[in-house]
Amino acid sequence: MARREPAAFVYLASQSPRRAELLRQLGVAHRPLLPEPHEDAEALEHEIVGERPDAYVERVTRAKLAAAHRRLRRIGAPPAPIVCADTTVALGRRIFGKPADADDAARTLRALAGRTHRVITAVAIGAGRREWVAVSVSKVHVVEMTDADIAGYIASGEPFGKAGAYAIQGAAAAWIDRIDGSYTGIMGLPLYETAQLLRAAGVAIGSPAPG
Ligand SMILES: Cc1cn([C@H]2C[C@H](O)[C@@H](COP(=O)(O)OP(=O)(O)OP(=O)(O)O)O2)c(=O)[nH]c1=O
């Protein structure tokens with residue numbers, strides 16, 4: 001049987017700068033595949049009543065991948081594997097996505113402070129008709145936060161655009177005393193699982209193509 005040539009690059013269908021940074025850490029050459037102005041990326045993230053958080057994250061990630069495949073076909077870009085992901089914060093069955101505004105961020109942080117929650121990130125890779133998906137679940141313990149801590153943190157602007165209204169890679173680290181799981185998964189792209197999927201899809205790890 002002829003050996004498959006490793007893919008020279010992948011498309012990263014994500015607007016998250018963290019995901020691009022993390023993929024770079026694996027030494028994988030990637031090109032952005034971003035939604036066009038008419039695409040409503042947020043619409044993919046609708047919740048279904050009664051759906052479990054892990055099922056929600058996996059469904060949204062598959063929907064992001066399907067949208068990215070359509071985008072690639074529409075623009076007629078050269079084929080290559082597509083990587084996408086979705087991260088959500090869950091407290092029991094309650095899902096906390098990106099905060100809508102400062103009040104939403106404050107409510108979320110009040111709910112998370114003094115407790116352990118889960119950060120669920122699904123990553124999906126599509127190549128041709130094949131699709132690989134992995135789900136990473138991490139436990140994160142946030143210590144007590146005072147109202148002043150929460151107000152100051154929100155004023156910093158960091159909670160916006162982050163699931164659960166915080167960034168472990170940012171100032172929120174001051175209130176996180178332990179995690180059990182994947183640090184990179186909490187940041188938005190679990191690199192161990194991503195590397196496994198990339199290898200399955202025939203993408204070389206650690207040897208980016210020049211350019
Ligand atoms: C919990 C947590 C989340 N996040 C971020 C990662 C994701 O960017 C974001 C979750 O939102 P997502 O909806 O998963 O991703 P996104 O809208 O930023 O990007 P795209 O859908 O285009 O891929 O929260 C952190 O950066 N640090 C953290 O500690």
# chains A, B, ... in the order shown; residues from 1 in each chain; ligands from 1

$ residues_around --residues "region 53-63 of chain A" --least-positions-apart "2" --cutoff "8 Å" --atoms "only C-alpha atoms" --output "list in words"
Leu44, Glu45, Glu47, Ile48, Glu51, Leu65, Ala66, Ala67, Cys84, Ala85, Asp86, Thr87, Thr88, Ala90, Arg93, Arg94, Ile95, Ile120, Thr121, Ala122, Val123, Ala124, Val133 and Val135 of chain A

$ write_last_selection --atoms "N, CA and C atoms" --output "mmCIF file, in the first residue's frame"
data_model
loop_
_atom_site.group_PDB
_atom_site.id
_atom_site.type_symbol
_atom_site.label_atom_id
_atom_site.label_comp_id
_atom_site.auth_asym_id
_atom_site.auth_seq_id
_atom_site.Cartn_x
_atom_site.Cartn_y
_atom_site.Cartn_z
ATOM 1 N N LEU A 44 -23.805 28.842 16.328
ATOM 2 C CA LEU A 44 -23.492 27.421 16.492
ATOM 3 C C LEU A 44 -23.528 27.021 17.962
ATOM 4 N N GLU A 45 -23.400 28.035 18.835
ATOM 5 C CA GLU A 45 -23.234 27.734 20.255
ATOM 6 C C GLU A 45 -24.558 27.789 21.022
ATOM 7 N N GLU A 47 -27.745 26.357 23.082
ATOM 8 C CA GLU A 47 -27.904 25.217 23.992
ATOM 9 C C GLU A 47 -29.241 24.521 23.754
ATOM 10 N N ILE A 48 -29.264 23.222 24.019
ATOM 11 C CA ILE A 48 -30.514 22.463 23.927
ATOM 12 C C ILE A 48 -30.893 22.103 25.360
ATOM 13 N N GLU A 51 -29.585 19.054 27.717
ATOM 14 C CA GLU A 51 -28.390 18.415 27.148
ATOM 15 C C GLU A 51 -27.238 18.454 28.149
ATOM 16 N N LEU A 65 -16.905 22.256 12.877
ATOM 17 C CA LEU A 65 -16.139 21.564 11.831
ATOM 18 C C LEU A 65 -16.934 21.516 10.525
ATOM 19 N N ALA A 66 -18.223 21.218 10.636
ATOM 20 C CA ALA A 66 -19.061 21.153 9.425
ATOM 21 C C ALA A 66 -19.098 22.525 8.750
ATOM 22 N N ALA A 67 -19.212 23.592 9.544
ATOM 23 C CA ALA A 67 -19.243 24.958 8.983
ATOM 24 C C ALA A 67 -17.903 25.265 8.311
ATOM 25 N N CYS A 84 -10.638 22.278 14.746
ATOM 26 C CA CYS A 84 -11.437 23.260 15.480
ATOM 27 C C CYS A 84 -11.737 22.727 16.871
ATOM 28 N N ALA A 85 -12.215 23.587 17.741
ATOM 29 C CA ALA A 85 -12.433 23.197 19.136
ATOM 30 C C ALA A 85 -13.513 24.052 19.762
ATOM 31 N N ASP A 86 -14.033 23.579 20.880
ATOM 32 C CA ASP A 86 -14.956 24.397 21.664
ATOM 33 C C ASP A 86 -14.707 24.119 23.146
ATOM 34 N N THR A 87 -14.767 25.187 23.933
ATOM 35 C CA THR A 87 -14.523 25.072 25.378
ATOM 36 C C THR A 87 -15.724 25.595 26.129
ATOM 37 N N THR A 88 -16.134 24.862 27.158
ATOM 38 C CA THR A 88 -17.164 25.409 28.034
ATOM 39 C C THR A 88 -16.844 25.070 29.476
ATOM 40 N N ALA A 90 -18.481 24.068 33.150
ATOM 41 C CA ALA A 90 -19.710 23.445 33.653
ATOM 42 C C ALA A 90 -19.654 23.279 35.158
ATOM 43 N N ARG A 93 -24.712 20.429 35.849
ATOM 44 C CA ARG A 93 -25.224 20.434 34.468
ATOM 45 C C ARG A 93 -25.341 21.839 33.910
ATOM 46 N N ARG A 94 -24.952 22.814 34.718
ATOM 47 C CA ARG A 94 -25.042 24.209 34.261
ATOM 48 C C ARG A 94 -23.858 24.574 33.402
ATOM 49 N N ILE A 95 -24.135 25.226 32.272
ATOM 50 C CA ILE A 95 -23.080 25.596 31.326
ATOM 51 C C ILE A 95 -22.806 27.092 31.422
ATOM 52 N N ILE A 120 -14.598 21.768 29.938
ATOM 53 C CA ILE A 120 -14.703 20.725 28.911
ATOM 54 C C ILE A 120 -14.305 21.336 27.581
ATOM 55 N N THR A 121 -13.316 20.731 26.941
ATOM 56 C CA THR A 121 -12.927 21.179 25.602
ATOM 57 C C THR A 121 -12.971 19.989 24.658
ATOM 58 N N ALA A 122 -13.698 20.158 23.576
ATOM 59 C CA ALA A 122 -13.684 19.138 22.524
ATOM 60 C C ALA A 122 -12.839 19.670 21.388
ATOM 61 N N VAL A 123 -12.057 18.786 20.780
ATOM 62 C CA VAL A 123 -11.274 19.157 19.599
ATOM 63 C C VAL A 123 -11.670 18.206 18.475
ATOM 64 N N ALA A 124 -11.799 18.754 17.283
ATOM 65 C CA ALA A 124 -12.183 17.920 16.140
ATOM 66 C C ALA A 124 -11.245 18.205 14.979
ATOM 67 N N VAL A 133 -12.569 13.091 16.797
ATOM 68 C CA VAL A 133 -12.981 14.010 17.871
ATOM 69 C C VAL A 133 -12.478 13.483 19.214
ATOM 70 N N VAL A 135 -12.516 14.577 23.582
ATOM 71 C CA VAL A 135 -13.057 15.501 24.591
ATOM 72 C C VAL A 135 -12.173 15.446 25.826
#

$ select_by_dssp --residues "region 1-198 of chain A" --states "strand (DSSP E or B)" --output "compact mmCIF listing (two decimals) with C-alpha atoms, in the first residue's frame"
# COMPACT_ATOMS: atom_id res chain seq x y z
CA ALA A 7 -0.14 17.04 5.35
CA VAL A 10 -3.65 22.33 8.65
CA TYR A 11 -6.42 24.90 8.73
CA LEU A 12 -7.30 26.25 12.16
CA HIS A 30 -1.39 26.18 10.22
CA ARG A 31 -3.43 28.71 8.29
CA PRO A 32 -6.50 30.48 9.67
CA ILE A 82 -9.18 21.24 9.50
CA VAL A 83 -8.80 21.67 13.26
CA CYS A 84 -11.44 23.26 15.48
CA ALA A 85 -12.43 23.20 19.14
CA ASP A 86 -14.96 24.40 21.66
CA THR A 87 -14.52 25.07 25.38
CA THR A 88 -17.16 25.41 28.03
CA VAL A 89 -17.23 25.66 31.80
CA ALA A 90 -19.71 23.44 33.65
CA LEU A 91 -20.92 23.42 37.22
CA ARG A 94 -25.04 24.21 34.26
CA ILE A 95 -23.08 25.60 31.33
CA PHE A 96 -21.15 28.87 31.45
CA THR A 116 -14.65 23.06 41.84
CA HIS A 117 -16.01 23.19 38.27
CA ARG A 118 -15.24 21.33 35.06
CA VAL A 119 -13.72 22.78 31.93
CA ILE A 120 -14.70 20.72 28.91
CA THR A 121 -12.93 21.18 25.60
CA ALA A 122 -13.68 19.14 22.52
CA VAL A 123 -11.27 19.16 19.60
CA ALA A 124 -12.18 17.92 16.14
CA ILE A 125 -10.11 17.29 13.04
CA GLY A 126 -11.64 16.69 9.65
CA ALA A 127 -9.77 15.47 6.59
CA ARG A 130 -13.04 11.46 7.88
CA GLU A 131 -13.47 13.07 11.27
CA TRP A 132 -11.68 12.57 14.60
CA VAL A 133 -12.98 14.01 17.87
CA ALA A 134 -11.61 13.98 21.43
CA VAL A 135 -13.06 15.50 24.59
CA SER A 136 -10.89 16.69 27.47
CA VAL A 137 -12.41 17.29 30.90
CA SER A 138 -10.49 19.07 33.65
CA LYS A 139 -11.42 19.97 37.19
CA VAL A 140 -10.56 23.48 38.35
CA HIS A 141 -10.84 24.73 41.92
CA VAL A 142 -11.37 28.47 42.36
CA ILE A 176 -6.91 28.93 41.09
CA ASP A 177 -5.14 26.77 43.65
CA ARG A 178 -5.47 23.39 41.92
CA ILE A 179 -6.45 21.69 38.73
CA ASP A 180 -6.84 18.06 37.79

$ select_by_dssp --residues "region 45-195 of chain A" --states "alpha helix (DSSP H)" --output "PDB file with C-alpha atoms, in the first residue's frame"
ATOM      1  CA  PRO A  53     -22.408  19.738  29.070  1.00  0.00           C
ATOM      2  CA  ASP A  54     -20.014  17.196  27.479  1.00  0.00           C
ATOM      3  CA  ALA A  55     -22.590  16.327  24.796  1.00  0.00           C
ATOM      4  CA  TYR A  56     -23.149  20.058  24.190  1.00  0.00           C
ATOM      5  CA  VAL A  57     -19.436  20.762  23.707  1.00  0.00           C
ATOM      6  CA  GLU A  58     -18.977  17.824  21.350  1.00  0.00           C
ATOM      7  CA  ARG A  59     -22.043  18.780  19.296  1.00  0.00           C
ATOM      8  CA  VAL A  60     -20.930  22.409  18.973  1.00  0.00           C
ATOM      9  CA  THR A  61     -17.426  21.327  17.954  1.00  0.00           C
ATOM     10  CA  ARG A  62     -18.789  19.033  15.233  1.00  0.00           C
ATOM     11  CA  ALA A  63     -21.005  21.895  14.039  1.00  0.00           C
ATOM     12  CA  LYS A  64     -17.957  24.199  13.894  1.00  0.00           C
ATOM     13  CA  LEU A  65     -16.139  21.564  11.831  1.00  0.00           C
ATOM     14  CA  ALA A  66     -19.061  21.153   9.425  1.00  0.00           C
ATOM     15  CA  ALA A  67     -19.243  24.958   8.983  1.00  0.00           C
ATOM     16  CA  ALA A  68     -15.484  25.060   8.337  1.00  0.00           C
ATOM     17  CA  HIS A  69     -15.745  22.332   5.657  1.00  0.00           C
ATOM     18  CA  ARG A  70     -18.488  24.364   3.924  1.00  0.00           C
ATOM     19  CA  ARG A  71     -16.340  27.498   4.157  1.00  0.00           C
ATOM     20  CA  LEU A  72     -13.348  25.738   2.607  1.00  0.00           C
ATOM     21  CA  ARG A  73     -15.467  24.433  -0.278  1.00  0.00           C
ATOM     22  CA  ARG A  74     -17.038  27.856  -0.808  1.00  0.00           C
ATOM     23  CA  ILE A  75     -13.748  29.716  -1.044  1.00  0.00           C
ATOM     24  CA  ALA A 102     -20.135  42.575  33.022  1.00  0.00           C
ATOM     25  CA  ASP A 103     -23.187  41.496  35.063  1.00  0.00           C
ATOM     26  CA  ASP A 104     -23.113  38.080  33.440  1.00  0.00           C
ATOM     27  CA  ALA A 105     -19.380  37.806  34.167  1.00  0.00           C
ATOM     28  CA  ALA A 106     -19.978  38.760  37.827  1.00  0.00           C
ATOM     29  CA  ARG A 107     -22.763  36.162  38.195  1.00  0.00           C
ATOM     30  CA  THR A 108     -20.521  33.504  36.654  1.00  0.00           C
ATOM     31  CA  LEU A 109     -17.522  34.318  38.850  1.00  0.00           C
ATOM     32  CA  ARG A 110     -19.722  34.387  41.988  1.00  0.00           C
ATOM     33  CA  ALA A 111     -20.995  30.916  41.053  1.00  0.00           C
ATOM     34  CA  LEU A 112     -17.484  29.538  40.454  1.00  0.00           C
ATOM     35  CA  ASP A 147     -16.811  41.247  45.642  1.00  0.00           C
ATOM     36  CA  ALA A 148     -13.829  43.596  45.216  1.00  0.00           C
ATOM     37  CA  ASP A 149     -11.760  40.777  43.654  1.00  0.00           C
ATOM     38  CA  ILE A 150     -14.565  40.058  41.190  1.00  0.00           C
ATOM     39  CA  ALA A 151     -15.169  43.729  40.338  1.00  0.00           C
ATOM     40  CA  GLY A 152     -11.429  44.362  39.853  1.00  0.00           C
ATOM     41  CA  TYR A 153     -11.013  41.293  37.686  1.00  0.00           C
ATOM     42  CA  ILE A 154     -13.960  42.246  35.472  1.00  0.00           C
ATOM     43  CA  ALA A 155     -12.610  45.802  35.160  1.00  0.00           C
ATOM     44  CA  TYR A 183      -3.837  22.954  31.448  1.00  0.00           C
ATOM     45  CA  THR A 184      -3.870  23.412  27.660  1.00  0.00           C
ATOM     46  CA  GLY A 185      -7.408  21.973  27.541  1.00  0.00           C
ATOM     47  CA  ILE A 186      -8.528  24.635  30.029  1.00  0.00           C
ATOM     48  CA  MET A 187      -6.888  27.287  27.813  1.00  0.00           C
ATOM     49  CA  LEU A 191      -2.464  19.478  23.196  1.00  0.00           C
ATOM     50  CA  TYR A 192      -2.045  15.818  24.167  1.00  0.00           C
ATOM     51  CA  GLU A 193      -5.393  14.875  22.598  1.00  0.00           C
ATOM     52  CA  THR A 194      -4.830  17.238  19.666  1.00  0.00           C
ATOM     53  CA  ALA A 195      -1.460  15.622  18.889  1.00  0.00           C
TER      54      ALA A 195
END

$ closest_residue --among "A:Gln196, A:Ser182, A:Gln169, A:Ser156" --to "ligand 1" --atoms "only C-alpha atoms and all ligand atoms"
A:Gln169

$ closest_residue --among "A:Ala43, A:Leu26, A:Ala100, A:Ala163" --to "ligand 1" --atoms "only C-alpha atoms and all ligand atoms"
A:Ala163
